[in-house]
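Source file: target21.txt (compact mmCIF, N, CA and C atoms and all ligand atoms)
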```
# COMPACT_ATOMS: atom_id res chain seq x y z
N SER Q 161 190.05 136.41 242.78
CA SER Q 161 190.31 136.55 244.20
C SER Q 161 189.36 135.66 245.00
N TYR Q 162 189.76 135.34 246.22
CA TYR Q 162 188.86 134.64 247.13
C TYR Q 162 188.17 135.67 248.02
N VAL Q 163 187.04 135.25 248.57
CA VAL Q 163 186.19 136.18 249.31
C VAL Q 163 185.73 135.52 250.60
N ILE Q 164 185.61 136.32 251.67
CA ILE Q 164 185.06 135.80 252.92
C ILE Q 164 183.60 136.25 253.02
N GLY Q 165 182.73 135.29 253.19
CA GLY Q 165 181.30 135.55 253.19
C GLY Q 165 180.73 135.73 254.59
N PRO Q 166 179.40 135.77 254.69
CA PRO Q 166 178.72 136.11 255.93
C PRO Q 166 178.91 135.12 257.08
N ALA Q 167 179.28 133.88 256.77
CA ALA Q 167 179.45 132.89 257.84
C ALA Q 167 180.57 133.30 258.80
N CYS Q 168 181.46 134.17 258.35
CA CYS Q 168 182.57 134.63 259.20
C CYS Q 168 182.11 135.62 260.27
N VAL Q 169 181.00 136.29 260.02
CA VAL Q 169 180.54 137.34 260.93
C VAL Q 169 180.34 136.79 262.35
N ASP Q 170 180.99 137.41 263.30
CA ASP Q 170 180.95 137.05 264.73
C ASP Q 170 181.64 135.72 265.06
N VAL Q 171 182.30 135.11 264.07
CA VAL Q 171 183.15 133.95 264.32
C VAL Q 171 184.60 134.44 264.27
N ASN Q 172 184.96 135.03 263.12
CA ASN Q 172 186.27 135.66 262.93
C ASN Q 172 187.39 134.79 263.49
N ASP Q 173 187.39 133.54 263.09
CA ASP Q 173 188.28 132.52 263.63
C ASP Q 173 189.78 132.76 263.36
N ARG Q 174 190.08 133.32 262.20
CA ARG Q 174 191.45 133.68 261.79
C ARG Q 174 192.35 132.51 261.39
N ALA Q 175 191.83 131.30 261.33
CA ALA Q 175 192.65 130.18 260.86
C ALA Q 175 193.14 130.48 259.44
N CYS Q 176 192.34 131.17 258.68
CA CYS Q 176 192.69 131.52 257.30
C CYS Q 176 193.89 132.47 257.27
N VAL Q 177 193.93 133.39 258.22
CA VAL Q 177 194.99 134.40 258.26
C VAL Q 177 196.36 133.74 258.34
N ASP Q 178 196.45 132.69 259.15
CA ASP Q 178 197.74 132.04 259.39
C ASP Q 178 198.30 131.32 258.18
N VAL Q 179 197.46 130.92 257.24
CA VAL Q 179 197.97 130.14 256.10
C VAL Q 179 198.17 130.96 254.83
N CYS Q 180 197.74 132.18 254.81
CA CYS Q 180 197.85 132.96 253.57
C CYS Q 180 199.30 133.33 253.29
N PRO Q 181 199.85 132.88 252.15
CA PRO Q 181 201.28 133.11 251.86
C PRO Q 181 201.61 134.57 251.58
N VAL Q 182 200.61 135.37 251.23
CA VAL Q 182 200.89 136.77 250.95
C VAL Q 182 200.30 137.71 252.02
N ASP Q 183 199.79 137.12 253.10
CA ASP Q 183 199.31 137.92 254.24
C ASP Q 183 198.30 138.99 253.81
N CYS Q 184 197.31 138.54 253.01
CA CYS Q 184 196.36 139.53 252.48
C CYS Q 184 194.98 139.43 253.12
N ILE Q 185 194.88 138.76 254.29
CA ILE Q 185 193.60 138.67 254.97
C ILE Q 185 193.62 139.61 256.17
N TYR Q 186 192.81 140.63 256.11
CA TYR Q 186 192.81 141.71 257.10
C TYR Q 186 191.68 141.50 258.10
N VAL Q 187 192.00 141.64 259.38
CA VAL Q 187 191.05 141.32 260.45
C VAL Q 187 190.23 142.55 260.85
N GLY Q 188 188.94 142.45 260.61
CA GLY Q 188 188.03 143.52 261.03
C GLY Q 188 187.48 143.21 262.41
N ASP Q 189 186.41 143.89 262.79
CA ASP Q 189 185.84 143.70 264.11
C ASP Q 189 184.97 142.45 264.18
N ARG Q 190 183.98 142.34 263.28
CA ARG Q 190 183.07 141.18 263.30
C ARG Q 190 183.49 140.09 262.33
N LYS Q 191 184.27 140.44 261.30
CA LYS Q 191 184.75 139.44 260.33
C LYS Q 191 186.09 139.88 259.78
N SER Q 192 186.65 139.03 258.91
CA SER Q 192 187.88 139.39 258.23
C SER Q 192 187.61 139.55 256.73
N TYR Q 193 188.56 140.15 256.04
CA TYR Q 193 188.35 140.54 254.64
C TYR Q 193 189.61 140.23 253.84
N ILE Q 194 189.43 139.55 252.71
CA ILE Q 194 190.55 139.28 251.80
C ILE Q 194 190.72 140.48 250.87
N ASN Q 195 191.93 140.99 250.77
CA ASN Q 195 192.18 142.12 249.88
C ASN Q 195 192.25 141.62 248.43
N PRO Q 196 191.27 142.00 247.60
CA PRO Q 196 191.23 141.46 246.24
C PRO Q 196 192.41 141.91 245.39
N ALA Q 197 193.05 143.00 245.78
CA ALA Q 197 194.20 143.49 245.02
C ALA Q 197 195.48 142.74 245.38
N GLU Q 198 195.46 142.01 246.48
CA GLU Q 198 196.66 141.33 246.95
C GLU Q 198 196.58 139.81 246.89
N CYS Q 199 195.36 139.26 246.91
CA CYS Q 199 195.16 137.80 246.88
C CYS Q 199 195.68 137.23 245.57
N ILE Q 200 196.48 136.17 245.67
CA ILE Q 200 197.05 135.56 244.46
C ILE Q 200 196.28 134.29 244.07
N ASP Q 201 195.10 134.11 244.65
CA ASP Q 201 194.22 132.99 244.28
C ASP Q 201 194.85 131.63 244.57
N CYS Q 202 195.64 131.52 245.61
CA CYS Q 202 196.28 130.23 245.87
C CYS Q 202 195.28 129.24 246.45
N GLY Q 203 194.25 129.73 247.13
CA GLY Q 203 193.20 128.86 247.66
C GLY Q 203 193.52 128.18 248.97
N ALA Q 204 194.67 128.47 249.55
CA ALA Q 204 195.08 127.80 250.80
C ALA Q 204 194.13 128.09 251.96
N CYS Q 205 193.55 129.26 251.96
CA CYS Q 205 192.67 129.66 253.07
C CYS Q 205 191.35 128.90 253.10
N GLU Q 206 190.85 128.57 251.94
CA GLU Q 206 189.48 128.06 251.84
C GLU Q 206 189.19 126.84 252.72
N PRO Q 207 190.02 125.80 252.69
CA PRO Q 207 189.72 124.62 253.52
C PRO Q 207 189.99 124.83 255.00
N GLU Q 208 190.66 125.90 255.37
CA GLU Q 208 191.02 126.13 256.78
C GLU Q 208 189.88 126.68 257.61
N CYS Q 209 188.91 127.30 256.97
CA CYS Q 209 187.85 127.98 257.73
C CYS Q 209 186.87 126.97 258.33
N PRO Q 210 186.70 126.99 259.66
CA PRO Q 210 185.84 126.01 260.33
C PRO Q 210 184.35 126.19 259.99
N VAL Q 211 183.99 127.35 259.47
CA VAL Q 211 182.57 127.55 259.13
C VAL Q 211 182.36 127.70 257.62
N ASP Q 212 183.38 127.30 256.83
CA ASP Q 212 183.26 127.33 255.37
C ASP Q 212 182.81 128.68 254.83
N ALA Q 213 183.40 129.73 255.35
CA ALA Q 213 182.98 131.08 254.94
C ALA Q 213 183.62 131.56 253.65
N ILE Q 214 184.68 130.85 253.19
CA ILE Q 214 185.49 131.38 252.08
C ILE Q 214 185.10 130.73 250.75
N PHE Q 215 184.97 131.56 249.74
CA PHE Q 215 184.66 131.06 248.39
C PHE Q 215 185.46 131.84 247.36
N VAL Q 216 185.57 131.27 246.15
CA VAL Q 216 186.28 131.97 245.08
C VAL Q 216 185.29 132.90 244.38
N ASP Q 217 185.76 134.04 243.91
CA ASP Q 217 184.85 135.07 243.40
C ASP Q 217 183.92 134.56 242.30
N ARG Q 218 184.42 133.70 241.43
CA ARG Q 218 183.54 133.24 240.34
C ARG Q 218 182.37 132.42 240.87
N ALA Q 219 182.47 131.89 242.06
CA ALA Q 219 181.38 131.14 242.67
C ALA Q 219 180.28 132.07 243.20
N ALA Q 220 180.48 133.37 243.07
CA ALA Q 220 179.46 134.33 243.49
C ALA Q 220 178.45 134.60 242.39
N ARG Q 221 178.80 134.22 241.18
CA ARG Q 221 177.93 134.49 240.04
C ARG Q 221 176.53 133.90 240.25
N GLY Q 222 175.53 134.74 240.17
CA GLY Q 222 174.16 134.26 240.31
C GLY Q 222 173.72 134.08 241.75
N ASP Q 223 174.61 134.36 242.69
CA ASP Q 223 174.27 134.20 244.11
C ASP Q 223 174.26 135.60 244.75
N GLU Q 224 173.09 136.03 245.17
CA GLU Q 224 172.90 137.40 245.63
C GLU Q 224 173.75 137.72 246.87
N THR Q 225 173.73 136.83 247.85
CA THR Q 225 174.46 137.08 249.09
C THR Q 225 175.96 137.09 248.84
N ARG Q 226 176.43 136.14 248.07
CA ARG Q 226 177.86 136.10 247.78
C ARG Q 226 178.31 137.33 247.00
N THR Q 227 177.46 137.77 246.06
CA THR Q 227 177.79 138.97 245.29
C THR Q 227 177.88 140.18 246.21
N LEU Q 228 176.97 140.25 247.16
CA LEU Q 228 176.97 141.33 248.14
C LEU Q 228 178.30 141.36 248.91
N PHE Q 229 178.77 140.20 249.33
CA PHE Q 229 180.01 140.14 250.12
C PHE Q 229 181.25 140.28 249.25
N LEU Q 230 181.16 139.91 247.98
CA LEU Q 230 182.24 140.17 247.04
C LEU Q 230 182.44 141.68 246.90
N ASP Q 231 181.34 142.40 246.69
CA ASP Q 231 181.42 143.85 246.57
C ASP Q 231 181.85 144.49 247.89
N ASP Q 232 181.38 143.91 248.98
CA ASP Q 232 181.70 144.45 250.30
C ASP Q 232 183.19 144.30 250.62
N SER Q 233 183.81 143.22 250.15
CA SER Q 233 185.25 143.03 250.37
C SER Q 233 186.05 144.12 249.68
N LYS Q 234 185.62 144.48 248.48
CA LYS Q 234 186.29 145.58 247.77
C LYS Q 234 186.09 146.88 248.54
N ALA Q 235 184.87 147.08 249.06
CA ALA Q 235 184.54 148.32 249.77
C ALA Q 235 185.39 148.49 251.02
N PHE Q 236 185.68 147.36 251.70
CA PHE Q 236 186.47 147.43 252.93
C PHE Q 236 187.81 148.14 252.71
N PHE Q 237 188.39 147.92 251.53
CA PHE Q 237 189.70 148.51 251.23
C PHE Q 237 189.60 149.85 250.49
N ALA Q 238 188.45 150.10 249.89
CA ALA Q 238 188.29 151.31 249.08
C ALA Q 238 187.67 152.47 249.84
N GLU Q 239 186.90 152.13 250.90
CA GLU Q 239 186.21 153.18 251.64
C GLU Q 239 187.00 153.56 252.90
N VAL Q 240 186.69 154.70 253.44
CA VAL Q 240 187.30 155.12 254.70
C VAL Q 240 186.53 154.45 255.83
N LEU Q 241 187.20 153.57 256.56
CA LEU Q 241 186.57 152.85 257.65
C LEU Q 241 186.43 153.75 258.88
N PRO Q 242 185.46 153.44 259.74
CA PRO Q 242 185.31 154.21 260.97
C PRO Q 242 186.62 154.26 261.76
N GLY Q 243 186.99 155.42 262.22
CA GLY Q 243 188.21 155.57 263.01
C GLY Q 243 189.46 155.79 262.19
N ARG Q 244 189.34 155.84 260.84
CA ARG Q 244 190.52 156.07 260.00
C ARG Q 244 190.30 157.32 259.17
N ASP Q 245 191.39 157.86 258.63
CA ASP Q 245 191.21 159.09 257.84
C ASP Q 245 191.48 158.89 256.35
N ALA Q 246 191.80 157.63 255.96
CA ALA Q 246 192.02 157.34 254.54
C ALA Q 246 191.68 155.88 254.29
N PRO Q 247 191.36 155.54 253.04
CA PRO Q 247 191.10 154.13 252.74
C PRO Q 247 192.35 153.28 252.97
N LEU Q 248 192.15 152.01 253.30
CA LEU Q 248 193.28 151.10 253.51
C LEU Q 248 194.07 150.89 252.22
N GLY Q 249 193.35 150.71 251.12
CA GLY Q 249 194.02 150.43 249.85
C GLY Q 249 194.74 149.11 249.88
N SER Q 250 195.99 149.07 249.44
CA SER Q 250 196.80 147.86 249.43
C SER Q 250 198.05 148.04 250.27
N PRO Q 251 197.93 147.80 251.57
CA PRO Q 251 199.10 148.00 252.44
C PRO Q 251 200.20 146.99 252.20
N GLY Q 252 199.89 145.86 251.51
CA GLY Q 252 200.93 144.88 251.22
C GLY Q 252 201.27 143.99 252.39
N GLY Q 253 200.31 143.75 253.27
CA GLY Q 253 200.54 142.84 254.39
C GLY Q 253 199.65 143.21 255.56
N ALA Q 254 198.89 142.20 256.05
CA ALA Q 254 197.93 142.47 257.11
C ALA Q 254 198.59 142.55 258.49
N ARG Q 255 199.65 141.80 258.69
CA ARG Q 255 200.26 141.75 260.02
C ARG Q 255 200.77 143.11 260.47
N LYS Q 256 201.40 143.79 259.56
CA LYS Q 256 201.95 145.10 259.94
C LYS Q 256 200.85 146.12 260.20
N VAL Q 257 199.67 145.88 259.62
CA VAL Q 257 198.53 146.79 259.83
C VAL Q 257 197.86 146.48 261.17
N GLY Q 258 197.81 145.19 261.52
CA GLY Q 258 197.17 144.78 262.78
C GLY Q 258 195.66 144.72 262.67
N ASP Q 259 195.01 144.45 263.78
CA ASP Q 259 193.55 144.37 263.79
C ASP Q 259 192.97 145.75 263.49
N LEU Q 260 191.99 145.75 262.60
CA LEU Q 260 191.41 147.03 262.20
C LEU Q 260 190.33 147.51 263.17
N ASN Q 261 189.73 146.58 263.91
CA ASN Q 261 188.66 146.94 264.85
C ASN Q 261 187.55 147.75 264.20
N ALA Q 262 187.29 147.48 262.93
CA ALA Q 262 186.23 148.20 262.20
C ALA Q 262 185.70 147.29 261.11
N ASP Q 263 184.51 147.58 260.66
CA ASP Q 263 183.89 146.83 259.57
C ASP Q 263 183.24 147.80 258.58
N THR Q 264 182.82 147.24 257.45
CA THR Q 264 182.02 148.01 256.51
C THR Q 264 180.64 148.24 257.13
N ALA Q 265 179.88 149.14 256.54
CA ALA Q 265 178.52 149.40 257.03
C ALA Q 265 177.67 148.14 256.93
N LEU Q 266 177.84 147.39 255.85
CA LEU Q 266 177.07 146.15 255.67
C LEU Q 266 177.31 145.19 256.82
N VAL Q 267 178.57 144.98 257.14
CA VAL Q 267 178.91 143.99 258.18
C VAL Q 267 178.57 144.52 259.57
N THR Q 268 178.75 145.78 259.79
CA THR Q 268 178.41 146.37 261.09
C THR Q 268 176.94 146.12 261.43
N GLY Q 269 176.09 146.25 260.42
CA GLY Q 269 174.66 146.07 260.68
C GLY Q 269 174.13 144.70 260.32
N TYR Q 270 175.03 143.78 259.96
CA TYR Q 270 174.57 142.50 259.43
C TYR Q 270 173.84 141.66 260.47
N GLY Q 271 172.66 141.22 260.12
CA GLY Q 271 171.88 140.35 261.00
C GLY Q 271 171.23 141.08 262.16
N ALA Q 272 171.41 142.40 262.20
CA ALA Q 272 170.84 143.16 263.33
C ALA Q 272 169.34 143.39 263.12
FE1 LIG W 1 195.64 134.15 250.61
FE2 LIG W 1 193.47 132.77 250.33
FE3 LIG W 1 194.17 134.46 248.48
S1 LIG W 1 195.36 132.07 251.21
S2 LIG W 1 196.37 134.40 248.55
S3 LIG W 1 193.60 134.94 250.55
S4 LIG W 1 193.23 132.50 248.16
FE1 LIG W 2 186.53 134.07 259.23
FE2 LIG W 2 186.82 131.57 258.70
FE3 LIG W 2 188.86 133.17 258.44
S1 LIG W 2 185.62 132.41 260.35
S2 LIG W 2 188.50 134.80 259.91
S3 LIG W 2 187.00 133.22 257.26
S4 LIG W 2 188.91 131.13 259.24
```

Represent the structure from my file as structure tokens, please.
Ligand code: F3S
Ligand code: F3S
Amino acid sequence: SYVIGPACVDVNDRACVDVCPVDCIYVGDRKSYINPAECIDCGACEPECPVDAIFVDRAARGDETRTLFLDDSKAFFAEVLPGRDAPLGSPGGARKVGDLNADTALVTGYGA
């Protein structure tokens, strides 16, 4: 799967969202998150990001920050986000879900 890293925080440009063929990039409050269960590894999103926030999961190996955000991407879909009563899981499309207006605990406090 591909992963959105910390450079997205407070940029949240969404250029990546528009090119994903399976609509698996979900928009949070401070950043967006690729659903690892839905991403088909096409890589179309990676060159679109103006701040180079996107990387492939295997590129996280040995990199502490990338590993943190790899795990955090999974958490975004597995945990109950603020304002919701169940985990997102795999809704099968970000557009129908809309903006989540929420982040993981890591991203909410990131850089604070
Ligand atoms: Fe979509 Fe990027 Fe994966 S375009 S399918 S999130 S590699
Ligand atoms: Fe974020 Fe870059 Fe997409 S800033 S929302 S990963 S285009």

How close does chain Q get to ligand LIG 1 (chain W)? List, as a Markdown table, each residue of chain Q within 7 Å, its nearest atom pair and the distance in Å to one decimal, counting only N, CA and C atoms and all ligand atoms.
```
| residue | atom | partner | partner_atom | distance |
| --- | --- | --- | --- | --- |
| Q:Ser161 | C | W:LIG1 | S4 | 5.9 |
| Q:Tyr162 | N | W:LIG1 | S4 | 4.9 |
| Q:Val163 | N | W:LIG1 | S4 | 6.8 |
| Q:Cys176 | C | W:LIG1 | S1 | 6.2 |
| Q:Val179 | C | W:LIG1 | S1 | 4.7 |
| Q:Cys180 | CA | W:LIG1 | S1 | 3.5 |
| Q:Pro181 | N | W:LIG1 | S1 | 4.7 |
| Q:Val182 | N | W:LIG1 | S2 | 5.1 |
| Q:Asp183 | N | W:LIG1 | FE1 | 5.7 |
| Q:Cys184 | N | W:LIG1 | FE1 | 5.3 |
| Q:Ile185 | N | W:LIG1 | S3 | 5.5 |
| Q:Ile194 | CA | W:LIG1 | S3 | 5.4 |
| Q:Asn195 | N | W:LIG1 | S3 | 6.3 |
| Q:Glu198 | C | W:LIG1 | S2 | 5.7 |
| Q:Cys199 | CA | W:LIG1 | FE3 | 3.8 |
| Q:Ile200 | N | W:LIG1 | S2 | 3.4 |
| Q:Asp201 | N | W:LIG1 | FE3 | 4.0 |
| Q:Cys202 | N | W:LIG1 | S4 | 3.6 |
| Q:Gly203 | N | W:LIG1 | S4 | 3.1 |
| Q:Ala204 | N | W:LIG1 | S1 | 4.0 |
| Q:Cys205 | N | W:LIG1 | S1 | 3.4 |
| Q:Glu206 | N | W:LIG1 | FE2 | 5.2 |
```

Around ligand LIG 2 (chain W), out to 6.5 Å and counting only N, CA and C atoms and all ligand atoms, which residues are there? I want them as an MDAnalysis selection string. chainID Q and resid 164:165 167:169 171:177 191:192 208:214

Please, which residues of range 193-245 of chain Q, numbered as in this document, come out helix (DSSP H, G or I) from DSSP, as a PDB file with N, CA and C atoms, in the frame of the given file?
```pdb
ATOM      1  N   GLU Q 206     190.850 128.570 251.940  1.00  0.00           N
ATOM      2  CA  GLU Q 206     189.480 128.060 251.840  1.00  0.00           C
ATOM      3  C   GLU Q 206     189.190 126.840 252.720  1.00  0.00           C
ATOM      4  N   PRO Q 207     190.020 125.800 252.690  1.00  0.00           N
ATOM      5  CA  PRO Q 207     189.720 124.620 253.520  1.00  0.00           C
ATOM      6  C   PRO Q 207     189.990 124.830 255.000  1.00  0.00           C
ATOM      7  N   GLU Q 208     190.660 125.900 255.370  1.00  0.00           N
ATOM      8  CA  GLU Q 208     191.020 126.130 256.780  1.00  0.00           C
ATOM      9  C   GLU Q 208     189.880 126.680 257.610  1.00  0.00           C
ATOM     10  N   ASP Q 217     185.760 134.040 243.910  1.00  0.00           N
ATOM     11  CA  ASP Q 217     184.850 135.070 243.400  1.00  0.00           C
ATOM     12  C   ASP Q 217     183.920 134.560 242.300  1.00  0.00           C
ATOM     13  N   ARG Q 218     184.420 133.700 241.430  1.00  0.00           N
ATOM     14  CA  ARG Q 218     183.540 133.240 240.340  1.00  0.00           C
ATOM     15  C   ARG Q 218     182.370 132.420 240.870  1.00  0.00           C
ATOM     16  N   ALA Q 219     182.470 131.890 242.060  1.00  0.00           N
ATOM     17  CA  ALA Q 219     181.380 131.140 242.670  1.00  0.00           C
ATOM     18  C   ALA Q 219     180.280 132.070 243.200  1.00  0.00           C
ATOM     19  N   ALA Q 220     180.480 133.370 243.070  1.00  0.00           N
ATOM     20  CA  ALA Q 220     179.460 134.330 243.490  1.00  0.00           C
ATOM     21  C   ALA Q 220     178.450 134.600 242.390  1.00  0.00           C
ATOM     22  N   GLU Q 224     173.090 136.030 245.170  1.00  0.00           N
ATOM     23  CA  GLU Q 224     172.900 137.400 245.630  1.00  0.00           C
ATOM     24  C   GLU Q 224     173.750 137.720 246.870  1.00  0.00           C
ATOM     25  N   THR Q 225     173.730 136.830 247.850  1.00  0.00           N
ATOM     26  CA  THR Q 225     174.460 137.080 249.090  1.00  0.00           C
ATOM     27  C   THR Q 225     175.960 137.090 248.840  1.00  0.00           C
ATOM     28  N   ARG Q 226     176.430 136.140 248.070  1.00  0.00           N
ATOM     29  CA  ARG Q 226     177.860 136.100 247.780  1.00  0.00           C
ATOM     30  C   ARG Q 226     178.310 137.330 247.000  1.00  0.00           C
ATOM     31  N   THR Q 227     177.460 137.770 246.060  1.00  0.00           N
ATOM     32  CA  THR Q 227     177.790 138.970 245.290  1.00  0.00           C
ATOM     33  C   THR Q 227     177.880 140.180 246.210  1.00  0.00           C
ATOM     34  N   LEU Q 228     176.970 140.250 247.160  1.00  0.00           N
ATOM     35  CA  LEU Q 228     176.970 141.330 248.140  1.00  0.00           C
ATOM     36  C   LEU Q 228     178.300 141.360 248.910  1.00  0.00           C
ATOM     37  N   PHE Q 229     178.770 140.200 249.330  1.00  0.00           N
ATOM     38  CA  PHE Q 229     180.010 140.140 250.120  1.00  0.00           C
ATOM     39  C   PHE Q 229     181.250 140.280 249.250  1.00  0.00           C
ATOM     40  N   LEU Q 230     181.160 139.910 247.980  1.00  0.00           N
ATOM     41  CA  LEU Q 230     182.240 140.170 247.040  1.00  0.00           C
ATOM     42  C   LEU Q 230     182.440 141.680 246.900  1.00  0.00           C
ATOM     43  N   ASP Q 231     181.340 142.400 246.690  1.00  0.00           N
ATOM     44  CA  ASP Q 231     181.420 143.850 246.570  1.00  0.00           C
ATOM     45  C   ASP Q 231     181.850 144.490 247.890  1.00  0.00           C
ATOM     46  N   ASP Q 232     181.380 143.910 248.980  1.00  0.00           N
ATOM     47  CA  ASP Q 232     181.700 144.450 250.300  1.00  0.00           C
ATOM     48  C   ASP Q 232     183.190 144.300 250.620  1.00  0.00           C
ATOM     49  N   SER Q 233     183.810 143.220 250.150  1.00  0.00           N
ATOM     50  CA  SER Q 233     185.250 143.030 250.370  1.00  0.00           C
ATOM     51  C   SER Q 233     186.050 144.120 249.680  1.00  0.00           C
ATOM     52  N   LYS Q 234     185.620 144.480 248.480  1.00  0.00           N
ATOM     53  CA  LYS Q 234     186.290 145.580 247.770  1.00  0.00           C
ATOM     54  C   LYS Q 234     186.090 146.880 248.540  1.00  0.00           C
ATOM     55  N   ALA Q 235     184.870 147.080 249.060  1.00  0.00           N
ATOM     56  CA  ALA Q 235     184.540 148.320 249.770  1.00  0.00           C
ATOM     57  C   ALA Q 235     185.390 148.490 251.020  1.00  0.00           C
ATOM     58  N   PHE Q 236     185.680 147.360 251.700  1.00  0.00           N
ATOM     59  CA  PHE Q 236     186.470 147.430 252.930  1.00  0.00           C
ATOM     60  C   PHE Q 236     187.810 148.140 252.710  1.00  0.00           C
ATOM     61  N   PHE Q 237     188.390 147.920 251.530  1.00  0.00           N
ATOM     62  CA  PHE Q 237     189.700 148.510 251.230  1.00  0.00           C
ATOM     63  C   PHE Q 237     189.600 149.850 250.490  1.00  0.00           C
ATOM     64  N   ALA Q 238     188.450 150.100 249.890  1.00  0.00           N
ATOM     65  CA  ALA Q 238     188.290 151.310 249.080  1.00  0.00           C
ATOM     66  C   ALA Q 238     187.670 152.470 249.840  1.00  0.00           C
TER      67      ALA Q 238
END
```

Any chance you could tabulate, as a tab-separated table, the residues of range 184-207 of chain Q at most 6.5 Å from range 261-264 of chain Q with each one's nearest atom pair and distance in Å to one decimal, using only N, CA and C atoms, in chain and rising number order?
```
residue	atom	partner	partner_atom	distance
Q:Val187	C	Q:Asn261	N	5.1
Q:Gly188	C	Q:Ala262	N	4.3
Q:Asp189	N	Q:Ala262	N	3.7
Q:Arg190	N	Q:Ala262	C	5.7
```

Using Å and a single decimal, report how far atom C of Asp232 in chain Q sits from atom C of Leu260 in chain Q. 14.8 Å

Adding 5 Å on each side of the box along x, y and z that holds all listed atoms of range 233-247 of chain Q, could you give its centre and edge lengths in Å to one decimal, as lines of an AutoDock Vina configuration file?
```
center_x = 188.1
center_y = 151.1
center_z = 255.4
size_x = 18.5
size_y = 26.1
size_z = 25.2
```

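In this model, the gap between CA of Leu230 in chain Q and atom C of Leu266 in chain Q comes to 12.0 Å.
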
When you draw a straight line from CA of Phe215 in chain Q to CA of Glu239 in chain Q, how long is it in Å?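 Between these atoms lies a distance of 22.4 Å.
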
Give me every strand (DSSP E or B) residue in range 169-265 of chain Q, going by DSSP on the backbone, as a CSV table (one decimal) with N, CA and C atoms, keeping the file's coordinate frame.
```csv
chain,number,residue,atom,x,y,z
Q,185,ILE,N,194.9,138.8,254.3
Q,185,ILE,CA,193.6,138.7,255.0
Q,185,ILE,C,193.6,139.6,256.2
Q,186,TYR,N,192.8,140.6,256.1
Q,186,TYR,CA,192.8,141.7,257.1
Q,186,TYR,C,191.7,141.5,258.1
Q,187,VAL,N,192.0,141.6,259.4
Q,187,VAL,CA,191.0,141.3,260.4
Q,187,VAL,C,190.2,142.6,260.8
Q,192,SER,N,186.6,139.0,258.9
Q,192,SER,CA,187.9,139.4,258.2
Q,192,SER,C,187.6,139.6,256.7
Q,193,TYR,N,188.6,140.2,256.0
Q,193,TYR,CA,188.4,140.5,254.6
Q,193,TYR,C,189.6,140.2,253.8
Q,194,ILE,N,189.4,139.6,252.7
Q,194,ILE,CA,190.6,139.3,251.8
Q,194,ILE,C,190.7,140.5,250.9
Q,214,ILE,N,184.7,130.8,253.2
Q,214,ILE,CA,185.5,131.4,252.1
Q,214,ILE,C,185.1,130.7,250.8
Q,215,PHE,N,185.0,131.6,249.7
Q,215,PHE,CA,184.7,131.1,248.4
Q,215,PHE,C,185.5,131.8,247.4
Q,216,VAL,N,185.6,131.3,246.2
Q,216,VAL,CA,186.3,132.0,245.1
Q,216,VAL,C,185.3,132.9,244.4
```

Just give me the residues with any atom within 8 Å of (197.3, 143.3, 255.4), file coordinates, counting only C-alpha atoms, written as a list in words. Asp183, Cys184, Ile185, Tyr186, Asn195, Ser250, Pro251, Gly252, Gly253, Ala254, Arg255, Lys256, Val257 and Gly258 of chain Q
